[in-house]
Structure formats: C-alpha cells, structure tokens
Amino acid sequence: MTARLIDLEVLAGALSAAAWLAAAGCVAARRRRSAAALAAVAVLAFLARIGLVAALGRAGWWFVEEKLTVTLPLAAVTAVAAGAAALTARRWTALALAVAGYAAAAGPVLALFAGYPPGWGTGLVTAGAVGLAGVVTRRAAGHRSRRAPLVWLLALAPVVLGAAVAVPPPASADDGGHGVPVSSVRGPDPGTAAASGIPVRRFTLTARTATVTLGSGRRVEAWTFDGRVPGPALEVTQGDLVVVTLRNADIAAGVTLHWHGYDVPAGEDGVAGMTQEAVRPGESFEYRFRADQTGTYWYHTHEASDRAVRLGLYGTLVVRPRAAAGGADLTLPLHTFGTVLAVGDRDLPVTHFVAPGTPVRLRVVNTDDGPHRLTLTAPFRLVAVDGTDLNGPGVLERVAIRLPAGARADVAITAGVTPVALQVDDGRATVRLAPAADTPAPPPVGTAAWPTLDQTRYGTPAPTPLDAQSRFDRRFTMVLDRGVTLADGLPKYAFTVNGRAYPYVTTQTVRAGDLVHLTIVNRGRDTHPMHLHGHHVLALRYNGRPFTGSPLWMDTFDVQPGEVWEVGLRADNPGVWMNHCHNLKHAAKGMAVHLAYAGYHPASHHAHGA
Ligand SMILES: [Cu+2]
C-alpha cells in the first residue's frame, strides 16, 4: 500500500510538471484557452499530491520528509506565482508557468535520485536548479538583458552553496585503531577443546575454479569449494567444535568463509578487510567455532561476494541436536545459475524415495539475491526460520512461504502413499517425495494463486528475553533508499542507508550487554533482505503492528518497498559486524553499515562492502 502511494505521488508530480510546461507552451503560442485547461490539470495533480502525501505520512515521516520540507512548498510557491502572473503581468506568464513546471518536476526527481534524508543542501540545490532552469528558459526564448550576469549569479549561487552543504567530505565508517582488533576475537583452541572432551570436527575446503556439470548436463564455469557446487554439505552435531581449514587454490579475487546466520566469534566471521584479510591463492586460514545453535545455516565467501557467491562459492551448514529426530532430513540449497534455478546441483526435478508415514524435514536455503516462493502439494508445517524452531507451528495447506535471499525455512511433512512436491517459484524447480521408484510423477500443481503465509501471526506466542515493550539501551533507524551520494570517493547512484553509502554510513555503536532496537524503513523501489552478522534479531513490529504468533528470530528478513520493520537484539557477541543488504549487488553498491561494540575495531582499514 505504502509502495503504491510512493509511486502514485511520483506520477502525480510528473503529470503536474508536464501539464504546467504544456500550459507554458500554449501561452507562448497564444492559445490561452488550452493553457487555462492545462493549468487546471496541473493544479488538480498538485492537489492529488497533497492528498497522497497526507496518506503517506501516516506510514511514517521518513516517507514524506523531502516532500513536506522541499518539493511541495516549492511547487506551491511557483504555482501561486504563475497564477499571479497570469492575472497581473501577462508578459511573464509563460515563464512563470514553465518555472512552476520545473518546480513540480523537482518532486519526482528528488524522490528518485536524492534519497533520504533531505538536508539544507538538497533544498538549496533544488530551489536553485529550478531558478536556473527559469533563467535558461528566458534566455532561450530570446530575452536579453543588461542585468543578465546578476540574474545568472543569483540563480547559480544557491546551487553551488547547496552542493557544498549537501556533499561534505563524509566521515568514514572506520572506527579508529583503538581497542581490540576483531581479528583477535577467535574461537576455542582445538587442542584444549579435545583435551577437555569436546568433539572436534575437522573439514578442509579448497576454493578453486572448476567446470561443474548440473543434473541436466548443462556445464557451468564456476568458482567452487572442492570442485563442487554447492560446496560440501557440512553436517555437525550440537556441541561439536567445528574446525574448517580454508585453502585457496586459484581464486584470484581472494576468498573467505562467512558463516551465514551462525553467531560465531567476530574473528571467525570471514568478512574480508574487516575480520581478516582475504585468503589469496596459495594461502589458507583456519576457522573454529563451537556449534552451540542447532538448525539450518550456510557458508559463503565474503570477498567480492556479489560475483563470487553467484559463481558458486557457497555451501550448507546443518547442526543437528545430539538426540537426532528420526525420519528423513534433506538440505535443499536453491541457487540460480544464469537463468536456471537449481536445487543443490540439480536443475531438473529431483525425486527422493521415502516410505509412506516417514516424517520428513526439508531444509530450504536461499543462496540467491532475490526471494523465492515455496509451495507444497500436501499439508505441512513451517517448523523453523533461519535455524530457530518456531513455537506451535500449525498445519498449512495451499499457502506459500516467502523465502528471502539468504534466509532458510525448514518445513516438516509426512510422506504419503502419493508423491508430494515442493515447488519453488510455482514450478521453476521441483523436489518430489515418492514412496517408490515406480511411482508415476504427478502433474505439476498450479500454485501461483496461493496466498503467502503471514508470518507476523503464525504459530503461538512464547516468552522471549525481550519484546516491543522492553527498555532499549540503543535505538537505530535505517532508512533504505537509492540516491546520488559519495561512494568510494565519487558521486554515484548508490543504494543508501540514511542517505549514505558504505563505508560512509554512520557506524551503529553499542556496548556489550545493550538491548538494541532497530527500525528499518524501505523508501525505495527494491526489496532489501537485511542481514545482521553475529546476532539473531527478534521481530517486534511490522508496519507498526506487533508480531502475535511464534517468536520469530531471524538473521535475514525482507524489507519490501514501503515496509517498516522493528526488530530487537541483545548485544552479546562483541566485535565489529556487518549489517547489510543480502542482495549482494545492493551491498556492493553501498547498502551496508557497521554495528560496532565500543572498544573493538576492524582488523584492517575497511571492508569492501560485502
Ligand atoms: Cu538491497
């Protein structure tokens, strides 16, 4: 709803601008009646904008700030001036109408390109640009004046001044060199752990380029762990000490291992340039962490990750409880190779044979940049999200689950005598459970019309260590948008957090033990799967409404256009952490911020976005 209002307001601004400019043209052509009609359209579009902004304002100040402080006042003043000119100073009418058009156009231009928040600089640049466009128009219409230099100066001054205010040399997110470097915050020593009876599970993953053959025979030039895509499935038991040696054979970009969703010590987090240097060809790095949390997770490189994860540098991590549940347990990583959606390395429908009556757990992992839609052709339960079991999940039927980029969903189903299908994106990929090899595959089920599960009210409530009424020590707001801003030292059309692009976004600083509240607002037109490293956040409110079902602990959640999410967390894992969009293209273009504990600093100068 909010997203639609945002779009409509932009459209109304564009319509208003077009109508004013057409009216100016009609006046210049001495077609006064058409001009009056077009001006009326422009005024109506302006009134519509006011109505839309009033409605948008109910969703939050973030959605209307630049409209209320800059573009609507500018549009109103210039419209009144055009009306006054038409009534009293006819030779200025065409110019005044054109200026009203430029002012109206500033609405959509600012909304689409300037991002949030608008400062004094943005206001000055906008007003100056509208004035400047008026001067240029007057000049183009053939007017000459001895006072021209003064007029130019008057129009240019606010633009230059505003630009100087709007683009200050921004503070880098670097947190200085004081305190503890995160690279020193490491997991337990394997020798000590083994001596005290802790089971140690060792793995070696070698990153290298390889040609991989998918199930259909399609060959993919991939970046792999151990020559496979996905990389080896790591499966361990709760309580194990996991020790993974990463070697890089020939990935020139460098490689790391980030344990997505696993709250490892900061020095094991695998963020190149922040918790460690990227592992270059011929080098290696040993990761170690205690597998305390059960559930479904994944690992992937965190260096040049936009490209490298897409090309295959990822795999799954599953931690099972000591007393394992019976039944079948399948891990299903989804990944898009080019245009083909694969489950694991299979890009054709996959069938698993399961005896009727067997309980089955399907662990679906989204390793892509965008969301997937999961449907099952038999009743099921959504039993875990992002590795954490839900409380009292009810039986679901003919309803889809939205799986954000980077997120995981575990679904439970009982195998029957007829085959059951898990369909991804309504049939782009299919996983079947069948009782025997000779069971004929059922025809695909049309699921596109099924509604999406509302996770704000699924399952039953349970006590949580924090809730929306808690006294939070720190509150941060992240307004997600696009805009022209400084990125890597140059002005770019970046994905922004609070109007800035990484590494210039102000660091979120916390102290160990703080209760932290995050409000994430999406003002833009893209979905942003937000991912905080090192912590799970508890969903508190969605668009101002509380979550009323099972507690929902997440590490990656989709903030869609116009949405406002409020989440809470306990700062219980000291270090410096990335808090970023897991559409890795967006992260690479600026949508990332540090959440830093006081007394800790990045291991090196700054991370490369993602
Ligand atoms: Cu994003």
# chains A, B, ... in the order shown; residues from 1 in each chain; ligands from 1
>>> residues_near_ligand(ligand="ligand 1", cutoff="7 Å", atoms="only C-alpha atoms and all ligand atoms", output="list in words")
Asp526, Thr527, His528, Pro529, Cys581, His582, Asn583, His586, Ala587 and Met591 of chain A
>>> residues_around(residues="Leu44 in chain A", least_positions_apart="5", cutoff="9 Å", atoms="only C-alpha atoms", output="mmCIF file with C-alpha atoms, in the first residue's frame")
data_model
loop_
_atom_site.group_PDB
_atom_site.id
_atom_site.type_symbol
_atom_site.label_atom_id
_atom_site.label_comp_id
_atom_site.auth_asym_id
_atom_site.auth_seq_id
_atom_site.Cartn_x
_atom_site.Cartn_y
_atom_site.Cartn_z
ATOM 1 C CA SER A 16 1.678 18.159 -12.794
ATOM 2 C CA ALA A 39 -3.064 24.767 -15.789
ATOM 3 C CA ARG A 49 -0.061 15.052 -4.487
#
>>> residues_around(residues="Leu317 in chain A", least_positions_apart="3", cutoff="8 Å", atoms="only C-alpha atoms", output="list in words")
Ala233, Leu234, Glu235, Val236, Thr296, Tyr297, Trp298 and Tyr299 of chain A
>>> residues_around(residues="Val165 in chain A", least_positions_apart="3", cutoff="10 Å", atoms="only C-alpha atoms", output="list in words")
Gly119, Trp120, Gly121, Thr122, Leu124, Val125, Val159, Val160, Leu161, Gly162, Pro168 and Pro169 of chain A
>>> closest_residue(among="A:Arg381, A:Arg201, A:Arg228, A:Arg525", to="Val395 in chain A", atoms="only C-alpha atoms")
A:Arg381
>>> residues_around(residues="Tyr600 in chain A", least_positions_apart="2", cutoff="8 Å", atoms="only C-alpha atoms", output="list in words")
His178, Gly179, Val180, Pro181, Val182, Pro574, Gly575, Val576, Ala596, Tyr597, Ala598 and Pro602 of chain A
>>> write_last_selection(atoms="N, CA, C and O atoms", output="compact mmCIF listing (two decimals), in the first residue's frame")
# COMPACT_ATOMS: atom_id res chain seq x y z
N HIS A 178 41.63 2.04 17.89
CA HIS A 178 41.75 1.87 19.34
C HIS A 178 41.06 0.59 19.79
O HIS A 178 40.12 0.13 19.17
N GLY A 179 41.53 0.04 20.89
CA GLY A 179 40.88 -1.11 21.48
C GLY A 179 41.31 -2.41 20.84
O GLY A 179 42.42 -2.54 20.33
N VAL A 180 40.38 -3.36 20.85
CA VAL A 180 40.69 -4.73 20.45
C VAL A 180 40.42 -4.91 18.96
O VAL A 180 39.33 -4.62 18.51
N PRO A 181 41.39 -5.39 18.17
CA PRO A 181 41.08 -5.71 16.78
C PRO A 181 40.21 -6.96 16.71
O PRO A 181 40.48 -7.92 17.45
N VAL A 182 39.17 -6.94 15.87
CA VAL A 182 38.26 -8.10 15.85
C VAL A 182 38.97 -9.37 15.42
O VAL A 182 38.55 -10.47 15.78
N PRO A 574 30.62 -9.60 21.20
CA PRO A 574 31.44 -8.41 20.93
C PRO A 574 32.28 -8.51 19.66
O PRO A 574 32.78 -9.57 19.31
N GLY A 575 32.40 -7.36 19.00
CA GLY A 575 33.19 -7.30 17.77
C GLY A 575 32.71 -6.14 16.92
O GLY A 575 32.06 -5.21 17.42
N VAL A 576 33.04 -6.19 15.66
CA VAL A 576 32.51 -5.25 14.68
C VAL A 576 31.84 -6.10 13.61
O VAL A 576 32.44 -7.05 13.10
N ALA A 596 29.17 -1.80 15.65
CA ALA A 596 30.45 -1.98 16.34
C ALA A 596 30.26 -1.87 17.84
O ALA A 596 29.55 -1.00 18.34
N TYR A 597 30.91 -2.79 18.58
CA TYR A 597 30.92 -2.72 20.03
C TYR A 597 32.01 -1.74 20.44
O TYR A 597 33.12 -1.76 19.88
N ALA A 598 31.71 -0.89 21.41
CA ALA A 598 32.71 0.04 21.93
C ALA A 598 33.92 -0.76 22.39
O ALA A 598 33.78 -1.80 23.04
N PRO A 602 37.84 -2.70 13.48
CA PRO A 602 38.08 -3.64 12.38
C PRO A 602 39.56 -3.99 12.31
O PRO A 602 40.42 -3.17 12.65
>>> closest_residue(among="A:Thr430, A:Thr548, A:Gln238, A:Asn248", to="Pro281 in chain A", atoms="only C-alpha atoms")
A:Asn248
>>> closest_residue(among="A:Ala103, A:Pro108, A:Glu303, A:Leu95", to="Val135 in chain A", atoms="only C-alpha atoms")
A:Leu95
>>> closest_atom_pairs(of="range 395-434 of chain A", to="range 253-272 of chain A", cutoff="10 Å", atoms="only C-alpha atoms", output="tab-separated table")
residue	atom	partner	partner_atom	distance
A:Gly406	CA	A:His260	CA	7.8
A:Ala407	CA	A:Gly261	CA	8.4
A:Arg408	CA	A:Gly261	CA	9.3
>>> closest_residue(among="A:Gly344, A:Pro199, A:Pro463, A:Gly590", to="Gly489 in chain A", atoms="only C-alpha atoms")
A:Gly590
>>> residues_around(residues="Ser305 in chain A", least_positions_apart="2", cutoff="9 Å", atoms="only C-alpha atoms", output="JSON, numbers by chain")
{"A": [255, 300, 301, 302, 303, 307, 308, 309, 310, 313, 584, 585, 588, 610]}
>>> write_last_selection(atoms="C-alpha atoms", output="short mmCIF file (atom, residue, chain, number, x, y, z; two decimals), in the first residue's frame")
data_model
loop_
_atom_site.label_atom_id
_atom_site.label_comp_id
_atom_site.auth_asym_id
_atom_site.auth_seq_id
_atom_site.Cartn_x
_atom_site.Cartn_y
_atom_site.Cartn_z
CA VAL A 255 38.23 -15.88 -0.63
CA HIS A 300 29.81 -18.40 1.59
CA THR A 301 32.77 -16.25 0.68
CA HIS A 302 32.62 -12.61 1.82
CA GLU A 303 35.14 -11.16 -0.62
CA ARG A 307 30.20 -12.15 -8.09
CA ALA A 308 31.79 -14.97 -6.13
CA VAL A 309 28.64 -16.33 -4.46
CA ARG A 310 26.77 -16.15 -7.75
CA LEU A 313 31.41 -20.16 -3.55
CA LEU A 584 24.79 -8.69 -2.77
CA LYS A 585 24.53 -6.32 -5.74
CA ALA A 588 28.34 -3.85 -3.31
CA ALA A 610 30.28 -7.17 1.34
#
>>> residues_around(residues="Val27 in chain A", least_positions_apart="6", cutoff="12 Å", atoms="only C-alpha atoms", output="JSON, numbers by chain")
{"A": [20, 21, 33, 34, 35, 36, 37, 38, 39, 82, 85, 86, 90, 91, 92, 93, 94, 95, 96, 97, 98]}
>>> closest_residue(among="A:Gly387, A:Gly357, A:Gly227, A:Gly459", to="Val318 in chain A", atoms="only C-alpha atoms")
A:Gly387
>>> closest_residue(among="A:Leu5, A:Ala81, A:Ala23, A:Leu538", to="Gly51 in chain A", atoms="only C-alpha atoms")
A:Leu5
